[in-house]
Amino acid sequence: GSIPPTLKRVVSKHPTHRAMSISVGNDLLFAVPKKGRLYQRVLHMLDGMGLIYRRANRLDIANCSNMPVSLVFLPAKDIAYYVGEGQVDLGITGEDIIAEADVKVNQLLKLGIGKCKLCVQGPKGKYKSGADLAGKRIVTSFPHLARMHFAKFDEKMGTKTSIKYVSGSVEAAIGLGLADGIVDLVETGSTMRAAGLEIVEEVMKSETVLISNPNTKHPDLVTSLYKRIQGYSVAREQCMISYNIPKKNLKEALKITPGHESPTITDLSDKDWVAVSALIKRKGAQEIFDQLEKVGAKSILTFAIDNCRFPTDTTYSKPSTPNGSYNGIQEAKAT
């Protein structure tokens with residue numbers, strides 16, 4: 001269908017969402033997490049993309065003043081549904097949530113944040129593999145993925161694993177007698193260890209990704225926003241380095257700082273020296289300083305990059321397949 005004239009028509013099927021009457025006209029709808037561990041980092045991304053908006057108090061929609069884009073603030077677990085089956089064009093959510101939703105979306109870009117693992121967990125030292133929990137009681141916030149994971153054991157072993165859903169505090173289910181094992185996300189592992197649990201086996205790895213609706217009416221705008229967020233994501237990992245080097249040592253220095261495509265080399269007033277500028281990764285910059293000093297470089301400086309734009313392949317039109325199989329996803333990095 002066409003883009004709805006009000007957000008109320010987008011979220012009316014979800015009674016937990018506040019209905020709103022702010023007009024979005026024919027704007028591209030961009031869903032972002034409304035709270036949680038990713039919220040502040042996503043706000044920084046929106047700023048890095050150059051989107052100018054003002055979110056009114058207690059409203060879950062904001063119109064951008066500089067682009068035909070309306071931001072929709074939704075629970076992260078709902079975003080995949082709205083992008084895959086609704087009229088939301090673009091969204092930011094986790095790979096685990098997309099796999100659990102079992103919907104078809106175009107996965108455009110890994111954003112390098114929110115990295116975690118979905119794991120089968122059990123009391124420390126009690127189970128050696130997921131097969132040991134086949135036929136037992138499993139509690140999880142990811143019932144679809146848990147059923148898929150244990151289905152292979154049930155089919156092979158003739159068991160019937162019980163999968164029960166809870167919305168939160170999954171790690172407490174074993175201690176409270178509700179489960180023999182759980183399937184839950186592990187980021188640092190501190191919550192898991194505090195509950196006396198350990199990883200039995202991994203179900204899938206996950207991180208935050210940018211996704212789009214396969215049937216979007218705004219493909220050109222989706223591409224533009226994709227390039228913007230990719231540029232911001234790459235810039236967070238990179239910086240520019242500048243230094244002066246004797247010409248006789250230039251070849252050695254360029255092996256240390258080859259740059260993205262090639263470094264910029266500028267003649268200096270001293271004919272025996274040149275200035276070099278190149279793109280490097282932030283991580284490991286100090287090691288590059290040490291290596292450059294050893295080959296005679298001086299006046300070594302680094303500069304932060306707010307954003308960037310590199311030639312990239314934007315042929316990401318293949319939708320992801322359900323059940324966690326992803327096609328065409330790109331890393332947010334410069335090579």
# chains A, B, ... in the order shown; residues from 1 in each chain; ligands from 1
$ residues_around --residues "stretch 109-125 of chain A" --least-positions-apart "2" --cutoff "7 Å" --atoms "only C-alpha atoms" --output "mmCIF file with N, CA and C atoms, in the first residue's frame"
data_model
loop_
_atom_site.group_PDB
_atom_site.id
_atom_site.type_symbol
_atom_site.label_atom_id
_atom_site.label_comp_id
_atom_site.auth_asym_id
_atom_site.auth_seq_id
_atom_site.Cartn_x
_atom_site.Cartn_y
_atom_site.Cartn_z
ATOM 1 N N LEU A 38 21.108 0.414 22.981
ATOM 2 C CA LEU A 38 21.543 0.976 21.706
ATOM 3 C C LEU A 38 21.066 2.405 21.482
ATOM 4 N N GLN A 107 19.131 -6.618 4.291
ATOM 5 C CA GLN A 107 20.110 -6.249 5.312
ATOM 6 C C GLN A 107 21.262 -5.533 4.628
ATOM 7 N N TYR A 127 25.918 -29.525 31.930
ATOM 8 C CA TYR A 127 25.653 -29.986 30.562
ATOM 9 C C TYR A 127 26.862 -29.691 29.670
ATOM 10 N N GLY A 130 24.199 -28.951 23.753
ATOM 11 C CA GLY A 130 22.768 -28.727 23.646
ATOM 12 C C GLY A 130 21.980 -30.022 23.634
ATOM 13 N N ASP A 180 15.266 -26.077 32.928
ATOM 14 C CA ASP A 180 16.524 -26.818 33.084
ATOM 15 C C ASP A 180 17.659 -26.093 32.380
ATOM 16 N N GLY A 181 17.309 -25.325 31.338
ATOM 17 C CA GLY A 181 18.283 -24.550 30.584
ATOM 18 C C GLY A 181 17.591 -23.349 29.974
ATOM 19 N N ILE A 182 18.365 -22.411 29.481
ATOM 20 C CA ILE A 182 17.808 -21.216 28.848
ATOM 21 C C ILE A 182 18.521 -20.953 27.529
ATOM 22 N N VAL A 183 17.875 -20.151 26.687
ATOM 23 C CA VAL A 183 18.507 -19.613 25.476
ATOM 24 C C VAL A 183 18.409 -18.106 25.601
ATOM 25 N N ASP A 184 19.558 -17.454 25.718
ATOM 26 C CA ASP A 184 19.560 -16.013 25.976
ATOM 27 C C ASP A 184 20.812 -15.377 25.389
ATOM 28 N N LEU A 185 20.780 -14.039 25.296
ATOM 29 C CA LEU A 185 21.917 -13.297 24.754
ATOM 30 C C LEU A 185 23.034 -13.195 25.776
ATOM 31 N N VAL A 186 24.264 -13.264 25.293
ATOM 32 C CA VAL A 186 25.450 -13.072 26.130
ATOM 33 C C VAL A 186 26.282 -11.967 25.500
ATOM 34 N N GLU A 187 26.503 -10.901 26.268
ATOM 35 C CA GLU A 187 27.357 -9.815 25.778
ATOM 36 C C GLU A 187 28.708 -9.877 26.494
ATOM 37 N N GLY A 196 25.202 -18.146 38.103
ATOM 38 C CA GLY A 196 25.762 -19.489 38.224
ATOM 39 C C GLY A 196 25.629 -20.314 36.957
ATOM 40 N N LEU A 197 25.528 -19.636 35.810
ATOM 41 C CA LEU A 197 25.339 -20.334 34.535
ATOM 42 C C LEU A 197 26.598 -20.253 33.676
ATOM 43 N N GLU A 198 26.623 -21.086 32.627
ATOM 44 C CA GLU A 198 27.699 -21.048 31.643
ATOM 45 C C GLU A 198 27.132 -21.355 30.260
ATOM 46 N N ILE A 199 27.902 -21.003 29.239
ATOM 47 C CA ILE A 199 27.486 -21.287 27.862
ATOM 48 C C ILE A 199 27.627 -22.781 27.589
ATOM 49 N N VAL A 200 26.542 -23.392 27.131
ATOM 50 C CA VAL A 200 26.571 -24.800 26.737
ATOM 51 C C VAL A 200 26.934 -24.897 25.264
ATOM 52 N N GLU A 201 26.282 -24.087 24.434
ATOM 53 C CA GLU A 201 26.674 -23.959 23.036
ATOM 54 C C GLU A 201 26.061 -22.703 22.434
ATOM 55 N N GLU A 202 26.653 -22.254 21.339
ATOM 56 C CA GLU A 202 26.226 -21.018 20.687
ATOM 57 C C GLU A 202 25.148 -21.304 19.643
ATOM 58 N N VAL A 203 24.102 -20.481 19.632
ATOM 59 C CA VAL A 203 23.055 -20.578 18.612
ATOM 60 C C VAL A 203 23.399 -19.701 17.418
ATOM 61 N N MET A 204 23.763 -18.425 17.671
ATOM 62 C CA MET A 204 24.156 -17.519 16.596
ATOM 63 C C MET A 204 24.873 -16.307 17.163
ATOM 64 N N LYS A 205 25.694 -15.680 16.313
ATOM 65 C CA LYS A 205 26.296 -14.386 16.645
ATOM 66 C C LYS A 205 25.374 -13.286 16.134
ATOM 67 N N SER A 206 25.442 -12.123 16.774
ATOM 68 C CA SER A 206 24.556 -11.039 16.373
ATOM 69 C C SER A 206 25.238 -9.694 16.576
ATOM 70 N N GLU A 207 24.881 -8.751 15.729
ATOM 71 C CA GLU A 207 25.232 -7.353 15.955
ATOM 72 C C GLU A 207 24.167 -6.473 15.322
ATOM 73 N N THR A 208 24.239 -5.197 15.580
ATOM 74 C CA THR A 208 23.237 -4.263 15.078
ATOM 75 C C THR A 208 23.454 -4.030 13.589
ATOM 76 N N VAL A 209 22.351 -4.027 12.822
ATOM 77 C CA VAL A 209 22.442 -3.855 11.374
ATOM 78 C C VAL A 209 21.415 -2.833 10.887
ATOM 79 N N LEU A 210 21.686 -2.297 9.717
ATOM 80 C CA LEU A 210 20.742 -1.427 9.018
ATOM 81 C C LEU A 210 19.963 -2.287 8.041
ATOM 82 N N SER A 233 29.858 5.278 9.959
ATOM 83 C CA SER A 233 30.372 4.074 10.620
ATOM 84 C C SER A 233 31.841 3.846 10.304
ATOM 85 N N ILE A 329 24.904 -8.919 3.011
ATOM 86 C CA ILE A 329 25.152 -7.936 4.048
ATOM 87 C C ILE A 329 26.590 -7.423 3.949
ATOM 88 N N GLN A 330 26.749 -6.111 4.153
ATOM 89 C CA GLN A 330 28.063 -5.505 4.026
ATOM 90 C C GLN A 330 28.581 -5.060 5.373
ATOM 91 N N GLU A 331 29.909 -5.073 5.509
ATOM 92 C CA GLU A 331 30.549 -4.594 6.719
ATOM 93 C C GLU A 331 30.725 -3.076 6.621
ATOM 94 N N ALA A 332 30.599 -2.405 7.765
ATOM 95 C CA ALA A 332 30.822 -0.961 7.791
ATOM 96 C C ALA A 332 32.311 -0.706 7.990
#
$ residues_around --residues "A:Thr216" --least-positions-apart "6" --cutoff "12 Å" --atoms "only C-alpha atoms" --output "NGL selection string"
:A and (1-3 or 26-30 or 82-91 or 105-106 or 222-223 or 317)
$ closest_residue --among "A:Arg309, A:Lys35, A:Arg54, A:His144" --to "A:Ser224" --atoms "only C-alpha atoms"
A:Arg309
$ closest_residue --among "A:Ile288, A:Leu133, A:Leu254, A:Ala172" --to "A:Thr191" --atoms "only C-alpha atoms"
A:Ala172
$ closest_residue --among "A:Asp270, A:Glu252, A:Asp102, A:Glu261" --to "A:Gly296" --atoms "only C-alpha atoms"
A:Glu252
$ atom_distance --atom1 "atom CA of A:Thr93" --atom2 "atom CA of A:Asn213"
13.1 Å
$ atom_distance --atom1 "atom CA of A:Lys128" --atom2 "atom CA of A:Ser169"
23.5 Å
$ atom_distance --atom1 "atom CA of A:Tyr81" --atom2 "atom CA of A:Glu95"
12.7 Å
